[in-house]
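File shown: final-v6.tsv. Contents: TSV, C-alpha atoms and all ligand atoms.
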chain	number	residue	atom	x	y	z
A	1	MET	CA	-144.30	77.65	86.04
A	2	ALA	CA	-146.25	75.01	87.93
A	3	GLU	CA	-145.38	74.47	91.57
A	4	LEU	CA	-145.86	70.81	92.28
A	5	LYS	CA	-145.58	69.92	95.95
A	6	LEU	CA	-145.47	66.50	97.65
A	7	HIS	CA	-145.94	65.96	101.38
A	8	ASP	CA	-143.56	63.07	101.47
A	9	LEU	CA	-141.97	60.21	103.41
A	10	GLU	CA	-138.79	58.87	101.83
A	11	LEU	CA	-139.49	55.27	102.87
A	12	SER	CA	-143.06	55.29	101.52
A	13	GLY	CA	-143.54	53.40	98.27
A	14	ASN	CA	-146.74	55.35	97.67
A	15	CYS	CA	-144.86	58.65	97.89
A	16	TYR	CA	-142.09	57.20	95.72
A	17	LYS	CA	-144.57	56.52	92.90
A	18	VAL	CA	-145.22	60.27	92.74
A	19	ARG	CA	-141.52	61.22	92.91
A	20	LEU	CA	-140.71	58.68	90.20
A	21	LEU	CA	-143.36	59.78	87.71
A	22	CYS	CA	-142.46	63.45	88.20
A	23	SER	CA	-138.85	62.59	87.44
A	24	LEU	CA	-139.79	60.55	84.35
A	25	LEU	CA	-141.93	63.50	83.18
A	26	ARG	CA	-139.10	65.95	83.97
A	27	GLN	CA	-141.38	67.91	86.28
A	28	HIS	CA	-139.84	69.64	89.27
A	29	LEU	CA	-141.42	68.57	92.56
A	30	ASP	CA	-141.07	70.41	95.84
A	31	ILE	CA	-140.59	67.76	98.53
A	32	VAL	CA	-142.02	68.58	101.95
A	33	PRO	CA	-140.89	65.88	104.42
A	34	VAL	CA	-143.66	64.77	106.80
A	35	ASP	CA	-142.77	63.96	110.41
A	36	PHE	CA	-144.58	60.63	110.10
A	37	LEU	CA	-143.34	59.13	113.39
A	38	SER	CA	-144.86	61.94	115.39
A	39	GLY	CA	-148.10	61.64	113.39
A	40	ALA	CA	-147.95	64.96	111.56
A	41	HIS	CA	-150.23	63.48	108.86
A	42	LYS	CA	-152.98	63.03	111.47
A	43	LYS	CA	-152.84	66.65	112.67
A	44	SER	CA	-153.45	70.14	111.38
A	45	PRO	CA	-152.56	71.37	108.79
A	46	LEU	CA	-152.17	68.05	106.93
A	47	ILE	CA	-155.39	66.50	108.22
A	48	GLU	CA	-157.29	69.38	106.59
A	49	LYS	CA	-155.55	68.60	103.29
A	50	ASN	CA	-156.30	64.86	103.58
A	51	PRO	CA	-158.98	63.88	106.13
A	52	PHE	CA	-158.01	60.22	105.54
A	53	GLY	CA	-154.84	60.93	107.57
A	54	GLU	CA	-152.47	59.47	104.97
A	55	ILE	CA	-149.65	60.51	102.71
A	56	PRO	CA	-148.85	61.12	99.88
A	57	ILE	CA	-150.58	64.46	99.69
A	58	PHE	CA	-149.96	66.33	96.46
A	59	GLU	CA	-150.58	69.96	95.56
A	60	ASP	CA	-150.48	71.71	92.20
A	61	GLY	CA	-151.16	75.40	92.77
A	62	GLY	CA	-154.52	75.50	94.57
A	63	MET	CA	-155.42	71.88	93.82
A	64	THR	CA	-154.89	69.13	96.42
A	65	LEU	CA	-155.01	65.37	95.83
A	66	ARG	CA	-154.64	62.31	98.03
A	67	ASP	CA	-153.97	58.70	96.94
A	68	SER	CA	-150.93	57.77	94.88
A	69	GLN	CA	-152.94	56.23	92.02
A	70	ALA	CA	-155.08	59.36	91.66
A	71	ILE	CA	-151.94	61.52	91.69
A	72	LEU	CA	-150.37	59.36	88.95
A	73	VAL	CA	-153.52	59.83	86.84
A	74	TYR	CA	-153.35	63.59	87.30
A	75	LEU	CA	-149.64	63.90	86.51
A	76	ALA	CA	-149.86	61.58	83.51
A	77	ARG	CA	-152.74	63.46	81.93
A	78	LYS	CA	-151.57	66.96	82.82
A	79	TYR	CA	-147.90	66.61	81.90
A	80	GLY	CA	-147.58	63.46	79.79
A	81	GLY	CA	-150.14	63.73	77.00
A	82	ASP	CA	-151.15	60.24	75.89
A	83	ALA	CA	-147.81	58.64	76.73
A	84	TRP	CA	-148.47	57.33	80.24
A	85	LEU	CA	-152.30	57.23	80.25
A	86	PRO	CA	-154.15	57.38	76.94
A	87	THR	CA	-157.82	58.37	77.05
A	88	ASP	CA	-159.41	56.07	74.51
A	89	ALA	CA	-161.86	53.84	76.36
A	90	ALA	CA	-160.07	50.51	76.00
A	91	SER	CA	-156.56	51.79	76.73
A	92	MET	CA	-157.65	53.75	79.77
A	93	ALA	CA	-159.53	50.75	81.19
A	94	LYS	CA	-156.50	48.49	80.60
A	95	VAL	CA	-154.32	50.85	82.65
A	96	VAL	CA	-156.95	51.19	85.38
A	97	GLU	CA	-157.12	47.39	85.71
A	98	TRP	CA	-153.54	47.52	87.03
A	99	LEU	CA	-154.06	50.62	89.17
A	100	MET	CA	-156.66	48.51	90.98
A	101	VAL	CA	-154.12	45.71	91.43
A	102	ALA	CA	-151.76	48.24	93.05
A	103	GLU	CA	-154.52	49.32	95.44
A	104	ASN	CA	-155.82	45.82	96.18
A	105	GLU	CA	-153.62	42.74	95.69
A	106	ILE	CA	-150.27	44.55	96.01
A	107	ALA	CA	-151.35	46.77	98.91
A	108	ARG	CA	-152.78	43.82	100.86
A	109	GLY	CA	-149.93	41.48	99.86
A	110	PRO	CA	-146.29	42.68	99.72
A	111	ASN	CA	-147.06	46.13	101.10
A	112	ASP	CA	-148.79	44.72	104.21
A	113	ALA	CA	-145.98	42.17	104.74
A	114	ARG	CA	-143.44	45.03	104.66
A	115	LEU	CA	-145.54	47.17	107.00
A	116	HIS	CA	-145.43	44.31	109.48
A	117	ASP	CA	-141.77	43.32	109.17
A	118	LYS	CA	-140.17	46.75	108.71
A	119	PHE	CA	-142.50	49.04	110.65
A	120	GLY	CA	-144.05	46.70	113.22
A	121	VAL	CA	-147.64	47.30	112.14
A	122	PRO	CA	-149.85	44.58	113.70
A	123	ILE	CA	-150.94	42.80	110.51
A	124	ASP	CA	-151.20	39.06	109.78
A	125	ALA	CA	-147.89	38.90	107.90
A	126	GLU	CA	-148.23	35.24	106.86
A	127	ALA	CA	-151.63	35.95	105.28
A	128	ALA	CA	-150.12	38.98	103.52
A	129	ARG	CA	-147.23	36.86	102.20
A	130	GLU	CA	-149.71	34.28	100.84
A	131	LYS	CA	-151.59	37.08	99.05
A	132	ALA	CA	-148.26	38.39	97.72
A	133	LYS	CA	-147.32	35.01	96.29
A	134	ARG	CA	-150.66	34.77	94.49
A	135	ILE	CA	-150.29	38.16	92.78
A	136	PHE	CA	-146.60	37.53	92.06
A	137	GLY	CA	-147.60	34.30	90.31
A	138	LEU	CA	-150.18	36.11	88.19
A	139	MET	CA	-147.73	38.90	87.34
A	140	GLU	CA	-144.96	36.43	86.51
A	141	THR	CA	-147.19	34.60	84.00
A	142	HIS	CA	-148.26	37.90	82.46
A	143	LEU	CA	-144.77	39.43	82.31
A	144	ALA	CA	-143.24	36.27	80.85
A	145	LYS	CA	-145.24	37.16	77.73
A	146	ASN	CA	-145.27	40.97	77.98
A	147	ASP	CA	-142.48	43.50	78.60
A	148	TRP	CA	-144.90	45.91	80.30
A	149	LEU	CA	-148.09	45.42	82.31
A	150	THR	CA	-150.28	46.77	79.52
A	151	LEU	CA	-150.39	48.58	76.16
A	152	GLY	CA	-146.95	47.22	75.20
A	153	ARG	CA	-145.17	50.22	76.68
A	154	PRO	CA	-144.48	51.82	80.08
A	155	THR	CA	-147.59	53.42	81.57
A	156	ILE	CA	-148.65	54.49	85.05
A	157	ALA	CA	-149.76	50.86	85.54
A	158	ASP	CA	-146.06	49.95	85.84
A	159	ILE	CA	-145.29	52.93	88.08
A	160	ALA	CA	-148.19	52.09	90.42
A	161	CYS	CA	-147.37	48.39	90.72
A	162	MET	CA	-143.57	48.30	90.79
A	163	PRO	CA	-142.55	49.88	94.14
A	164	TYR	CA	-144.08	47.45	96.64
A	165	VAL	CA	-143.16	44.47	94.44
A	166	ALA	CA	-139.54	45.67	94.30
A	167	LEU	CA	-139.57	46.30	98.08
A	168	SER	CA	-141.02	42.90	98.90
A	169	HIS	CA	-137.72	41.58	100.37
A	170	GLU	CA	-138.38	44.00	103.25
A	171	GLY	CA	-141.52	41.97	103.93
A	172	GLY	CA	-139.80	38.59	104.03
A	173	LEU	CA	-140.51	37.74	100.38
A	174	SER	CA	-138.05	36.73	97.67
A	175	LEU	CA	-138.33	37.57	93.97
A	176	GLU	CA	-135.90	34.76	93.15
A	177	PRO	CA	-138.69	32.49	91.78
A	178	TYR	CA	-139.96	35.29	89.51
A	179	PRO	CA	-137.44	36.05	86.73
A	180	ALA	CA	-139.98	37.85	84.53
A	181	ILE	CA	-140.89	40.21	87.40
A	182	ARG	CA	-137.20	40.90	88.05
A	183	ALA	CA	-136.63	41.64	84.35
A	184	TRP	CA	-139.64	44.01	84.33
A	185	ILE	CA	-138.25	45.89	87.35
A	186	GLY	CA	-134.96	46.13	85.46
A	187	ARG	CA	-136.72	47.63	82.43
A	188	ILE	CA	-138.37	50.27	84.65
A	189	LYS	CA	-134.99	51.08	86.22
A	190	ALA	CA	-133.57	51.62	82.73
A	191	LEU	CA	-136.16	54.26	81.77
A	192	PRO	CA	-134.65	57.73	81.15
A	193	GLY	CA	-135.22	59.83	84.25
A	194	PHE	CA	-135.60	56.85	86.62
A	195	ILE	CA	-134.84	57.64	90.26
A	196	ALA	CA	-134.41	55.17	93.08
A	197	MET	CA	-135.63	55.03	96.69
A	198	PRO	CA	-134.02	53.26	99.64
A	199	ALA	CA	-134.04	49.45	99.06
A	200	ILE	CA	-135.00	49.76	95.36
B	301	LIG	N1	-154.29	54.43	98.92
B	301	LIG	C1	-153.31	55.32	99.46
B	301	LIG	C2	-152.66	54.71	100.65
B	301	LIG	C3	-151.75	55.70	101.33
B	301	LIG	C4	-151.13	55.13	102.56
B	301	LIG	O1	-151.52	54.04	103.07
B	301	LIG	N2	-150.13	55.85	103.06
B	301	LIG	C5	-149.45	55.45	104.24
B	301	LIG	C6	-147.97	55.76	104.10
B	301	LIG	S1	-147.30	54.84	102.73
B	301	LIG	C7	-150.02	56.25	105.39
B	301	LIG	O2	-150.01	57.46	105.34
B	301	LIG	N3	-150.57	55.56	106.40
B	301	LIG	C8	-151.16	56.22	107.50
B	301	LIG	C9	-150.66	55.69	108.81
B	301	LIG	O3	-149.99	54.66	108.81
B	301	LIG	O4	-150.92	56.32	109.82
B	301	LIG	C10	-152.30	55.67	98.36
B	301	LIG	O5	-152.13	54.88	97.44
B	301	LIG	O6	-151.68	56.75	98.43

Represent the structure of the file as structure tokens.
Amino acid sequence: MAELKLHDLELSGNCYKVRLLCSLLRQHLDIVPVDFLSGAHKKSPLIEKNPFGEIPIFEDGGMTLRDSQAILVYLARKYGGDAWLPTDAASMAKVVEWLMVAENEIARGPNDARLHDKFGVPIDAEAAREKAKRIFGLMETHLAKNDWLTLGRPTIADIACMPYVALSHEGGLSLEPYPAIRAWIGRIKALPGFIAMPAI
């Protein structure tokens, strides 16, 4: 039996992505809480596992991965067959388009606004909120015509993008003007095996 392990912070949306996909895939995950406030992720032994000094850090037997998007790719392919990340060229690229949105527009938009407002990280929160509104507008237009971000079904694109959008109220943003985004979050919450995190 595989022993999947996550070095985790409950309030981290990036860690939550990993917890959520494991739950949807019915894979048991050993949660190892990281003492984030005292900087355990910057010190031995975690800094040897991820020299970038960040969590999530994921382990499957002897294999270690950093970065939530990379971990989603691994879990989807190892435990989900073609369901969450198909490998034909076009489908894979369509999913990766949205993984990049999670890492770029969403990370620098709603995620940065939340880091500022909730955790006091010195970031230009107004600039982050402007970036958030731009990507929310693009997502709203797309989701008004599509139930899921791509492929017409839930994929890791949805799992990668949802958390920091759903947490955006903690960064001073409202989803009130975006009914299609709210409906999409609702569809993800209705998936069998869905688990929540604080404020989602
Ligand atoms: N691209 C990474 C970003 C990971 C990241 O930024 N993690 C945060 C916690 S959510 C962190 O560990 N930051 C380091 C710090 O603030 O010291 C991912 O998607 O996993």

| message | Taking only C-alpha atoms and all ligand atoms into account, list the residues no farther than 8 Å from ligand LIG 301 (chain B), as a list in words. | response |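 Protein and nucleic-acid residues within 8 Å of ligand LIG 301 (chain B): Leu9, Leu11, Ser12, Gly13, Asn14, Cys15, Phe36, Gly39, His41, Lys42, Gly53, Glu54, Ile55, Pro56, Ile57, Arg66, Asp67, Ser68, Gln69, Ala70, Ala102 and Glu103 of chain A.
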
| task | Do a neighbour search on range 113-122 of chain A at 9 Å with all atoms listed in the file, toss out local chain neighbours closer than 2 positions, and write the hits as an MDAnalysis selection string. | result | chainID A and resid 108:111 124:129 132 164 167:173

Convert the current residue selection to file output with C-alpha atoms, as a JSON list (two decimals), keeping the file's coordinate frame.
[["chain", "number", "residue", "atom", "x", "y", "z"],
["A", 108, "ARG", "CA", -152.78, 43.82, 100.86],
["A", 109, "GLY", "CA", -149.93, 41.48, 99.86],
["A", 110, "PRO", "CA", -146.29, 42.68, 99.72],
["A", 111, "ASN", "CA", -147.06, 46.13, 101.10],
["A", 124, "ASP", "CA", -151.20, 39.06, 109.78],
["A", 125, "ALA", "CA", -147.89, 38.90, 107.90],
["A", 126, "GLU", "CA", -148.23, 35.24, 106.86],
["A", 127, "ALA", "CA", -151.63, 35.95, 105.28],
["A", 128, "ALA", "CA", -150.12, 38.98, 103.52],
["A", 129, "ARG", "CA", -147.23, 36.86, 102.20],
["A", 132, "ALA", "CA", -148.26, 38.39, 97.72],
["A", 164, "TYR", "CA", -144.08, 47.45, 96.64],
["A", 167, "LEU", "CA", -139.57, 46.30, 98.08],
["A", 168, "SER", "CA", -141.02, 42.90, 98.90],
["A", 169, "HIS", "CA", -137.72, 41.58, 100.37],
["A", 170, "GLU", "CA", -138.38, 44.00, 103.25],
["A", 171, "GLY", "CA", -141.52, 41.97, 103.93],
["A", 172, "GLY", "CA", -139.80, 38.59, 104.03],
["A", 173, "LEU", "CA", -140.51, 37.74, 100.38]]

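Among A:Pro154, A:Met197, A:Leu143, A:Pro163, the residue with the shortest atom-to-atom distance to Asp82 in chain A, counting only C-alpha atoms, is A:Pro154.
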
| field | Computed interatomic separation between CA of Pro51 in chain A and CA of Ala107 in chain A (Å) | value | 20.1 Å

| What's the 9 Å shell around Thr155 in chain A, counting all atoms listed in the file, without same-chain residues fewer than 4 positions away, as an MDAnalysis selection string? | chainID A and resid 76 83:86 95 148:151 159:160

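The coordinates place CA of Asn50 in chain A at 23.8 Å from CA of Ala157 in chain A.
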
| said: So, with all atoms listed in the file as the atoms that count, which of A:Phe52, A:Lys133, A:Leu24, A:Lys94 lies closest to Leu72 in chain A? | reply: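 The answer is A:Leu24, which sits nearest to Leu72 in chain A.
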
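If you look at CA of Met139 in chain A and CA of Gly152 in chain A, they are 14.7 Å away from each other.
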
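Minimum atom-to-atom distance to Ala196 in chain A, evaluated using only C-alpha atoms, belongs to A:Val18 out of A:Ile31, A:Val18, A:Leu25, A:Leu37.
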
| task | Name the closest residue to Asp147 in chain A among the candidates A:Ile106, A:Met63, A:Leu21, A:Ile188; distances are taken between atoms, counting only C-alpha atoms. | result |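 So, comparing all the options, the nearest one is A:Ile188.
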
| query | If we count only C-alpha atoms, what is near Pro177 in chain A at a cut-off of 12 Å, once residues fewer than 6 positions away on the same chain are taken out, given as a list in words? | reply | Lys133, Phe136, Gly137, Met139, Glu140, Thr141 and Ala183 of chain A

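Between Asp158 in chain A and the residues A:Arg187, A:Lys5, A:Lys145, A:Lys78, the shortest atom-to-atom distance, using all atoms listed in the file, involves A:Arg187.
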
| message | Nearest residue to Leu75 in chain A out of A:Glu97, A:Glu10, A:Asp35, A:Asp60, using only C-alpha atoms? | response |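 Among the listed residues, the smallest separation from Leu75 in chain A belongs to A:Asp60.
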
Return range 127-159 of chain A, completed with N, CA and C atoms, as a PDB file, in the frame of the given file.
ATOM      1  N   ALA A 127    -150.519  35.815 106.237  1.00  0.00           N
ATOM      2  CA  ALA A 127    -151.630  35.950 105.280  1.00  0.00           C
ATOM      3  C   ALA A 127    -151.244  36.927 104.163  1.00  0.00           C
ATOM      4  N   ALA A 128    -150.554  38.005 104.535  1.00  0.00           N
ATOM      5  CA  ALA A 128    -150.120  38.980 103.520  1.00  0.00           C
ATOM      6  C   ALA A 128    -149.136  38.337 102.557  1.00  0.00           C
ATOM      7  N   ARG A 129    -148.225  37.503 103.082  1.00  0.00           N
ATOM      8  CA  ARG A 129    -147.230  36.860 102.200  1.00  0.00           C
ATOM      9  C   ARG A 129    -147.927  35.859 101.254  1.00  0.00           C
ATOM     10  N   GLU A 130    -148.961  35.183 101.737  1.00  0.00           N
ATOM     11  CA  GLU A 130    -149.710  34.280 100.840  1.00  0.00           C
ATOM     12  C   GLU A 130    -150.377  35.081  99.721  1.00  0.00           C
ATOM     13  N   LYS A 131    -150.969  36.235 100.085  1.00  0.00           N
ATOM     14  CA  LYS A 131    -151.590  37.080  99.050  1.00  0.00           C
ATOM     15  C   LYS A 131    -150.527  37.577  98.063  1.00  0.00           C
ATOM     16  N   ALA A 132    -149.339  37.919  98.592  1.00  0.00           N
ATOM     17  CA  ALA A 132    -148.260  38.390  97.720  1.00  0.00           C
ATOM     18  C   ALA A 132    -147.873  37.318  96.716  1.00  0.00           C
ATOM     19  N   LYS A 133    -147.754  36.080  97.201  1.00  0.00           N
ATOM     20  CA  LYS A 133    -147.320  35.010  96.290  1.00  0.00           C
ATOM     21  C   LYS A 133    -148.362  34.781  95.183  1.00  0.00           C
ATOM     22  N   ARG A 134    -149.615  34.949  95.516  1.00  0.00           N
ATOM     23  CA  ARG A 134    -150.660  34.770  94.490  1.00  0.00           C
ATOM     24  C   ARG A 134    -150.528  35.835  93.403  1.00  0.00           C
ATOM     25  N   ILE A 135    -150.384  37.114  93.805  1.00  0.00           N
ATOM     26  CA  ILE A 135    -150.290  38.160  92.780  1.00  0.00           C
ATOM     27  C   ILE A 135    -148.942  38.084  92.055  1.00  0.00           C
ATOM     28  N   PHE A 136    -147.892  37.696  92.758  1.00  0.00           N
ATOM     29  CA  PHE A 136    -146.600  37.530  92.060  1.00  0.00           C
ATOM     30  C   PHE A 136    -146.713  36.443  90.982  1.00  0.00           C
ATOM     31  N   GLY A 137    -147.417  35.372  91.290  1.00  0.00           N
ATOM     32  CA  GLY A 137    -147.600  34.300  90.310  1.00  0.00           C
ATOM     33  C   GLY A 137    -148.344  34.802  89.069  1.00  0.00           C
ATOM     34  N   LEU A 138    -149.409  35.568  89.313  1.00  0.00           N
ATOM     35  CA  LEU A 138    -150.180  36.110  88.190  1.00  0.00           C
ATOM     36  C   LEU A 138    -149.338  37.083  87.366  1.00  0.00           C
ATOM     37  N   MET A 139    -148.573  37.920  88.056  1.00  0.00           N
ATOM     38  CA  MET A 139    -147.730  38.900  87.340  1.00  0.00           C
ATOM     39  C   MET A 139    -146.619  38.195  86.577  1.00  0.00           C
ATOM     40  N   GLU A 140    -146.050  37.147  87.177  1.00  0.00           N
ATOM     41  CA  GLU A 140    -144.960  36.430  86.510  1.00  0.00           C
ATOM     42  C   GLU A 140    -145.455  35.827  85.190  1.00  0.00           C
ATOM     43  N   THR A 141    -146.621  35.194  85.217  1.00  0.00           N
ATOM     44  CA  THR A 141    -147.190  34.600  84.000  1.00  0.00           C
ATOM     45  C   THR A 141    -147.420  35.677  82.944  1.00  0.00           C
ATOM     46  N   HIS A 142    -147.965  36.809  83.391  1.00  0.00           N
ATOM     47  CA  HIS A 142    -148.260  37.900  82.460  1.00  0.00           C
ATOM     48  C   HIS A 142    -146.980  38.512  81.889  1.00  0.00           C
ATOM     49  N   LEU A 143    -145.996  38.746  82.751  1.00  0.00           N
ATOM     50  CA  LEU A 143    -144.770  39.430  82.310  1.00  0.00           C
ATOM     51  C   LEU A 143    -143.820  38.498  81.557  1.00  0.00           C
ATOM     52  N   ALA A 144    -144.041  37.193  81.666  1.00  0.00           N
ATOM     53  CA  ALA A 144    -143.240  36.270  80.850  1.00  0.00           C
ATOM     54  C   ALA A 144    -143.588  36.458  79.373  1.00  0.00           C
ATOM     55  N   LYS A 145    -144.794  36.984  79.122  1.00  0.00           N
ATOM     56  CA  LYS A 145    -145.240  37.160  77.730  1.00  0.00           C
ATOM     57  C   LYS A 145    -145.292  38.617  77.306  1.00  0.00           C
ATOM     58  N   ASN A 146    -145.124  39.528  78.260  1.00  0.00           N
ATOM     59  CA  ASN A 146    -145.270  40.970  77.980  1.00  0.00           C
ATOM     60  C   ASN A 146    -144.148  41.741  78.670  1.00  0.00           C
ATOM     61  N   ASP A 147    -143.542  42.691  77.976  1.00  0.00           N
ATOM     62  CA  ASP A 147    -142.480  43.500  78.600  1.00  0.00           C
ATOM     63  C   ASP A 147    -143.045  44.455  79.639  1.00  0.00           C
ATOM     64  N   TRP A 148    -144.288  44.911  79.415  1.00  0.00           N
ATOM     65  CA  TRP A 148    -144.900  45.910  80.300  1.00  0.00           C
ATOM     66  C   TRP A 148    -146.262  45.390  80.740  1.00  0.00           C
ATOM     67  N   LEU A 149    -146.830  45.970  81.785  1.00  0.00           N
ATOM     68  CA  LEU A 149    -148.090  45.420  82.310  1.00  0.00           C
ATOM     69  C   LEU A 149    -149.212  45.544  81.305  1.00  0.00           C
ATOM     70  N   THR A 150    -149.222  46.632  80.522  1.00  0.00           N
ATOM     71  CA  THR A 150    -150.280  46.770  79.520  1.00  0.00           C
ATOM     72  C   THR A 150    -149.849  47.723  78.417  1.00  0.00           C
ATOM     73  N   LEU A 151    -150.556  47.683  77.329  1.00  0.00           N
ATOM     74  CA  LEU A 151    -150.390  48.580  76.160  1.00  0.00           C
ATOM     75  C   LEU A 151    -149.040  48.418  75.456  1.00  0.00           C
ATOM     76  N   GLY A 152    -148.218  47.454  75.883  1.00  0.00           N
ATOM     77  CA  GLY A 152    -146.950  47.220  75.200  1.00  0.00           C
ATOM     78  C   GLY A 152    -145.926  48.324  75.394  1.00  0.00           C
ATOM     79  N   ARG A 153    -146.136  49.143  76.411  1.00  0.00           N
ATOM     80  CA  ARG A 153    -145.170  50.220  76.680  1.00  0.00           C
ATOM     81  C   ARG A 153    -145.303  50.629  78.149  1.00  0.00           C
ATOM     82  N   PRO A 154    -144.334  51.384  78.678  1.00  0.00           N
ATOM     83  CA  PRO A 154    -144.480  51.820  80.080  1.00  0.00           C
ATOM     84  C   PRO A 154    -145.647  52.791  80.226  1.00  0.00           C
ATOM     85  N   THR A 155    -146.456  52.538  81.235  1.00  0.00           N
ATOM     86  CA  THR A 155    -147.590  53.420  81.570  1.00  0.00           C
ATOM     87  C   THR A 155    -147.596  53.582  83.099  1.00  0.00           C
ATOM     88  N   ILE A 156    -148.552  54.352  83.586  1.00  0.00           N
ATOM     89  CA  ILE A 156    -148.650  54.490  85.050  1.00  0.00           C
ATOM     90  C   ILE A 156    -149.058  53.177  85.714  1.00  0.00           C
ATOM     91  N   ALA A 157    -149.522  52.193  84.947  1.00  0.00           N
ATOM     92  CA  ALA A 157    -149.760  50.860  85.540  1.00  0.00           C
ATOM     93  C   ALA A 157    -148.453  50.322  86.124  1.00  0.00           C
ATOM     94  N   ASP A 158    -147.357  50.443  85.367  1.00  0.00           N
ATOM     95  CA  ASP A 158    -146.060  49.950  85.840  1.00  0.00           C
ATOM     96  C   ASP A 158    -145.564  50.768  87.044  1.00  0.00           C
ATOM     97  N   ILE A 159    -145.772  52.073  86.986  1.00  0.00           N
ATOM     98  CA  ILE A 159    -145.290  52.930  88.080  1.00  0.00           C
ATOM     99  C   ILE A 159    -146.075  52.641  89.366  1.00  0.00           C
TER     100      ILE A 159
END
